[in-house]
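What follows is one structure encoded as structure tokens, with my remarks underneath.
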Amino acid sequence: MRAEEQEHVIEVTDLRRVYGGGFEAVRGIDFSVRRGEVFALLGTNGAGKTSTVELLEGLAAPAGGRVRVLGHDPHTERAAVRPRTGVMLQEGGFPSELTVAETTRMWAGCVSGARPAGEALERVGLSGKAHTRVKQLSGGERRRLDLALALLGEPEVLFLDEPTTGLDAEGRRATWDLVRELRDGGTTVLLTTHYLEEAESLADRLAILHRGRIAATGTPAEVTATQPSRISFELPEGYFVGDLPPLGELGVGGHETDGRTVRLRTRELQRAATALLVWADRAGVELRGLDVRSASLEEAFLQIAEHASGTAAAGATETVTATATAMESEGYAA
């Protein structure tokens with residue numbers, strides 16, 4: 001096996017997926033995931049996350065491009081890939097009358113080298129529910145059972161599709177700790193999630209999908225750094241925005257006001273905050289409600305999605321305009 005295949009356990013090149021009727025859900029994406037890395041796929045509903053993950057899991061053949069998992073095509077070489085991977089789908093379909101322990105033992109019979117059922121359930125905090133029927137589990141408990149079954153074979157690569165949906169705060173944190181433990185043990189994890197805090201906390205790198213394309217990729221910090229930081233405060237009585245130090249000299253790229261509240265946007269947070277506090281100290285005034293913070297992944301995500309939507313809309317408008325012009329030139333216009 002090539003050295004890069006040992007390093008990158010998932011490789012995706014110009015990957016495409018087309019459904020009946022010609023709908024292109026995945027429109028030529030490229031990314032790779034290193035061994036022992038948590039990689040998150042983010043995107044709004046319909047962005048192509050699940051369609052991409054299903055191709056990586058070998059559940060369907062791509063319409064174009066190339067995908068390799070552990071150096072193999074997961075669809076045509078499924079026998080070489082499946083025993084080394086674990087899959088947690090968005091929703092499991094378990095026999096409702098079986099108990100949790102019976103379900104786990106049944107699943108273990110289909111897995112090579114499966115760990116004992118009791119050990120798998122203990123790992124996800126379900127030991128106390130071993131003799132409970134699946135139909136009596138809460139939504140969060142079913143998600144934990146999904147995770148236990150995905151981990152039965154101690155996979156080298158773990159696919160987690162919305163792993164903490166339905167979990168309470170405690171269950172979500174416990175799942176995060178388990179994912180970190182798996183990563184530290186060398187497991188490669190690819191997850192999709194709607195919880196941006198989850199991606200920011202867990203992912204070593206991530207990609208944001210929008211309408212089947214990758215709109216941004218990098219570490220959470222790199223993606224977040226594309227957006228400006230923010231400083232907000234209340235103007236002291238008798239003062240106006242013009243009384244502040246020249247905003248351009250502070251590295252402030254823009255500002256808004258809402259009554260007495262001022263919000264500044266800057267890519268030089270320390271410089272701007274320091275200068276503002278020095279000004280307030282010299283003026284002998286208090287900046288009430290002072291809030292200084294870097295951009296969040298959520299803000300970056302929303303800005304990227306908004307920009308991508310605007311670009312797509314502009315492209316569609318240009319296409320319609322060009323088509324109308326061509327039709328008019330050919331004498332088709334009314």
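In the structure tokens, the first chain shown is A, the next is B, and so on; residue numbers restart at 1 for each chain, and ligands run from 1 in the order shown.
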Picked from range 113-290 of chain A by DSSP as helix (DSSP H, G or I), as a VMD selection string: chain A and resid 117 to 123 127 to 129 134 to 136 139 to 150 169 to 184 196 to 202 220 to 224 241 to 243 247 to 250 269 to 283
Filtered DSSP result for range 112-318 of chain A, state strand (DSSP E), as a VMD selection string: chain A and resid 157 to 161 188 to 192 205 to 210 213 to 218 229 to 234 252 to 258 261 to 266 291 to 293
Could you write out the selected residues, including C-alpha atoms, as a compact mmCIF listing (two decimals), in the first residue's frame?
```txt
# COMPACT_ATOMS: atom_id res chain seq x y z
CA VAL A 157 -12.85 3.96 10.54
CA LEU A 158 -16.08 5.07 12.19
CA PHE A 159 -18.89 6.85 10.33
CA LEU A 160 -21.22 8.82 12.61
CA ASP A 161 -24.28 10.37 10.94
CA THR A 188 -10.53 7.71 12.26
CA VAL A 189 -13.95 9.33 12.70
CA LEU A 190 -16.05 11.00 10.02
CA LEU A 191 -19.16 12.63 11.40
CA THR A 192 -22.03 14.72 10.17
CA ARG A 205 -10.78 19.49 10.44
CA LEU A 206 -14.11 20.06 8.74
CA ALA A 207 -15.78 20.83 5.43
CA ILE A 208 -18.92 22.90 4.94
CA LEU A 209 -21.13 21.59 2.13
CA HIS A 210 -23.62 23.79 0.32
CA ARG A 213 -20.23 21.53 -3.21
CA ILE A 214 -17.61 22.26 -0.57
CA ALA A 215 -17.90 25.94 0.33
CA ALA A 216 -15.12 25.98 2.97
CA THR A 217 -12.67 23.55 4.56
CA GLY A 218 -9.94 23.62 7.20
CA SER A 229 -14.47 39.40 15.68
CA ARG A 230 -17.00 41.59 17.49
CA ILE A 231 -16.93 44.24 20.23
CA SER A 232 -20.18 45.64 21.59
CA PHE A 233 -20.87 48.15 24.38
CA GLU A 234 -23.15 51.00 25.42
CA VAL A 252 -12.40 48.25 12.76
CA GLY A 253 -13.91 47.24 9.43
CA GLY A 254 -17.49 48.28 10.17
CA HIS A 255 -19.96 49.15 12.88
CA GLU A 256 -23.67 49.31 13.67
CA THR A 257 -25.61 51.20 16.33
CA ASP A 258 -28.85 50.28 18.06
CA THR A 261 -25.41 50.20 21.79
CA VAL A 262 -22.47 50.11 19.41
CA ARG A 263 -21.23 46.97 17.67
CA LEU A 264 -17.79 46.96 16.05
CA ARG A 265 -16.43 44.37 13.60
CA THR A 266 -12.68 43.85 13.47
CA ASP A 291 -18.69 42.16 25.19
CA VAL A 292 -15.52 41.18 23.30
CA ARG A 293 -15.49 37.92 21.40
```
A:Thr76, A:Thr13, A:Gln90, A:Asn45 ranked by distance to Leu59 in chain A, top pick (using only C-alpha atoms): A:Thr76
Non-local contacts of range 114-128 of chain A (10 Å; only C-alpha atoms; under 4 positions in same chain excluded) as a PyMOL selection string: chain A and resi 100-110+132+141-155+171+174-175+178
Glu268 in chain A environment, 9 Å, only C-alpha atoms, sequence neighbours closer than 3 positions dropped, as a PyMOL selection string: chain A and resi 228-229+250-252+271-273
Contact residues around Gln303 in chain A with only C-alpha atoms at 12 Å, ignoring same-chain residues under 2 positions, as a list of chain:residue names: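 Here the answer would be A:Ile208, A:His210, A:Ala215, A:Ala216, A:Val223, A:Thr224, A:Thr226, A:Gln227, A:Pro228, A:Ala295, A:Ser296, A:Leu297, A:Glu298, A:Glu299, A:Ala300, A:Phe301, A:Ala305, A:Glu306, A:His307, A:Ala308, A:Ser309, A:Gly310.
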Using the selection just defined, write its residues with N, CA, C and O atoms as a PDB file, in the first residue's frame.
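What follows is the written file out_14.pdb:
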```pdb
ATOM      1  N   ILE A 208     -17.556  22.412   4.972  1.00  0.00           N
ATOM      2  CA  ILE A 208     -18.920  22.895   4.938  1.00  0.00           C
ATOM      3  C   ILE A 208     -19.460  22.690   3.526  1.00  0.00           C
ATOM      4  O   ILE A 208     -18.933  23.252   2.569  1.00  0.00           O
ATOM      5  N   HIS A 210     -22.464  22.981   0.673  1.00  0.00           N
ATOM      6  CA  HIS A 210     -23.623  23.793   0.319  1.00  0.00           C
ATOM      7  C   HIS A 210     -24.027  23.430  -1.100  1.00  0.00           C
ATOM      8  O   HIS A 210     -23.234  23.557  -2.030  1.00  0.00           O
ATOM      9  N   ALA A 215     -18.005  24.485   0.303  1.00  0.00           N
ATOM     10  CA  ALA A 215     -17.901  25.940   0.332  1.00  0.00           C
ATOM     11  C   ALA A 215     -16.720  26.416   1.171  1.00  0.00           C
ATOM     12  O   ALA A 215     -16.212  27.515   0.957  1.00  0.00           O
ATOM     13  N   ALA A 216     -16.268  25.610   2.135  1.00  0.00           N
ATOM     14  CA  ALA A 216     -15.118  25.975   2.973  1.00  0.00           C
ATOM     15  C   ALA A 216     -14.583  24.716   3.625  1.00  0.00           C
ATOM     16  O   ALA A 216     -15.326  23.775   3.904  1.00  0.00           O
ATOM     17  N   VAL A 223     -11.536  28.070   9.673  1.00  0.00           N
ATOM     18  CA  VAL A 223     -12.816  28.461   9.084  1.00  0.00           C
ATOM     19  C   VAL A 223     -13.407  29.640   9.838  1.00  0.00           C
ATOM     20  O   VAL A 223     -13.929  30.588   9.236  1.00  0.00           O
ATOM     21  N   THR A 224     -13.316  29.616  11.162  1.00  0.00           N
ATOM     22  CA  THR A 224     -13.845  30.712  11.979  1.00  0.00           C
ATOM     23  C   THR A 224     -13.098  32.006  11.711  1.00  0.00           C
ATOM     24  O   THR A 224     -13.691  33.092  11.713  1.00  0.00           O
ATOM     25  N   THR A 226     -12.158  33.270   9.127  1.00  0.00           N
ATOM     26  CA  THR A 226     -12.590  33.987   7.918  1.00  0.00           C
ATOM     27  C   THR A 226     -13.595  35.084   8.249  1.00  0.00           C
ATOM     28  O   THR A 226     -13.899  35.914   7.390  1.00  0.00           O
ATOM     29  N   GLN A 227     -14.123  35.072   9.485  1.00  0.00           N
ATOM     30  CA  GLN A 227     -15.120  36.060   9.890  1.00  0.00           C
ATOM     31  C   GLN A 227     -14.532  37.021  10.922  1.00  0.00           C
ATOM     32  O   GLN A 227     -13.670  36.640  11.714  1.00  0.00           O
ATOM     33  N   PRO A 228     -14.975  38.282  10.945  1.00  0.00           N
ATOM     34  CA  PRO A 228     -14.430  39.251  11.895  1.00  0.00           C
ATOM     35  C   PRO A 228     -14.898  38.986  13.321  1.00  0.00           C
ATOM     36  O   PRO A 228     -15.957  38.394  13.552  1.00  0.00           O
ATOM     37  N   ALA A 295     -15.255  35.470  16.422  1.00  0.00           N
ATOM     38  CA  ALA A 295     -16.381  34.890  15.693  1.00  0.00           C
ATOM     39  C   ALA A 295     -16.530  33.423  16.070  1.00  0.00           C
ATOM     40  O   ALA A 295     -15.563  32.744  16.412  1.00  0.00           O
ATOM     41  N   SER A 296     -17.741  32.923  16.027  1.00  0.00           N
ATOM     42  CA  SER A 296     -18.016  31.515  16.304  1.00  0.00           C
ATOM     43  C   SER A 296     -18.107  30.745  14.994  1.00  0.00           C
ATOM     44  O   SER A 296     -18.272  31.327  13.918  1.00  0.00           O
ATOM     45  N   LEU A 297     -18.028  29.428  15.099  1.00  0.00           N
ATOM     46  CA  LEU A 297     -18.197  28.592  13.911  1.00  0.00           C
ATOM     47  C   LEU A 297     -19.606  28.775  13.339  1.00  0.00           C
ATOM     48  O   LEU A 297     -19.794  28.742  12.120  1.00  0.00           O
ATOM     49  N   GLU A 298     -20.581  29.004  14.215  1.00  0.00           N
ATOM     50  CA  GLU A 298     -21.950  29.221  13.743  1.00  0.00           C
ATOM     51  C   GLU A 298     -22.026  30.450  12.849  1.00  0.00           C
ATOM     52  O   GLU A 298     -22.666  30.426  11.792  1.00  0.00           O
ATOM     53  N   GLU A 299     -21.364  31.545  13.254  1.00  0.00           N
ATOM     54  CA  GLU A 299     -21.376  32.757  12.446  1.00  0.00           C
ATOM     55  C   GLU A 299     -20.693  32.520  11.105  1.00  0.00           C
ATOM     56  O   GLU A 299     -21.178  32.965  10.056  1.00  0.00           O
ATOM     57  N   ALA A 300     -19.553  31.810  11.138  1.00  0.00           N
ATOM     58  CA  ALA A 300     -18.853  31.504   9.896  1.00  0.00           C
ATOM     59  C   ALA A 300     -19.724  30.646   8.992  1.00  0.00           C
ATOM     60  O   ALA A 300     -19.817  30.885   7.782  1.00  0.00           O
ATOM     61  N   PHE A 301     -20.385  29.650   9.573  1.00  0.00           N
ATOM     62  CA  PHE A 301     -21.257  28.754   8.813  1.00  0.00           C
ATOM     63  C   PHE A 301     -22.384  29.539   8.138  1.00  0.00           C
ATOM     64  O   PHE A 301     -22.648  29.364   6.941  1.00  0.00           O
ATOM     65  N   ALA A 305     -22.865  30.049   4.105  1.00  0.00           N
ATOM     66  CA  ALA A 305     -24.086  29.584   3.443  1.00  0.00           C
ATOM     67  C   ALA A 305     -24.795  30.740   2.749  1.00  0.00           C
ATOM     68  O   ALA A 305     -25.281  30.596   1.619  1.00  0.00           O
ATOM     69  N   GLU A 306     -24.836  31.907   3.411  1.00  0.00           N
ATOM     70  CA  GLU A 306     -25.502  33.068   2.817  1.00  0.00           C
ATOM     71  C   GLU A 306     -24.771  33.528   1.564  1.00  0.00           C
ATOM     72  O   GLU A 306     -25.393  33.831   0.535  1.00  0.00           O
ATOM     73  N   HIS A 307     -23.424  33.554   1.635  1.00  0.00           N
ATOM     74  CA  HIS A 307     -22.635  33.973   0.478  1.00  0.00           C
ATOM     75  C   HIS A 307     -22.809  32.987  -0.682  1.00  0.00           C
ATOM     76  O   HIS A 307     -22.987  33.395  -1.832  1.00  0.00           O
ATOM     77  N   ALA A 308     -22.780  31.691  -0.347  1.00  0.00           N
ATOM     78  CA  ALA A 308     -22.929  30.678  -1.394  1.00  0.00           C
ATOM     79  C   ALA A 308     -24.310  30.769  -2.043  1.00  0.00           C
ATOM     80  O   ALA A 308     -24.454  30.630  -3.249  1.00  0.00           O
ATOM     81  N   SER A 309     -25.340  31.034  -1.226  1.00  0.00           N
ATOM     82  CA  SER A 309     -26.689  31.169  -1.780  1.00  0.00           C
ATOM     83  C   SER A 309     -26.787  32.381  -2.680  1.00  0.00           C
ATOM     84  O   SER A 309     -27.397  32.340  -3.751  1.00  0.00           O
ATOM     85  N   GLY A 310     -26.145  33.483  -2.252  1.00  0.00           N
ATOM     86  CA  GLY A 310     -26.166  34.694  -3.061  1.00  0.00           C
ATOM     87  C   GLY A 310     -25.452  34.514  -4.377  1.00  0.00           C
ATOM     88  O   GLY A 310     -25.918  34.973  -5.430  1.00  0.00           O
TER      89      GLY A 310
END
```
Residue nearest Thr187 in chain A among A:Ala169, A:Val33, A:Ala25, A:Val12 (counting only C-alpha atoms): A:Val33
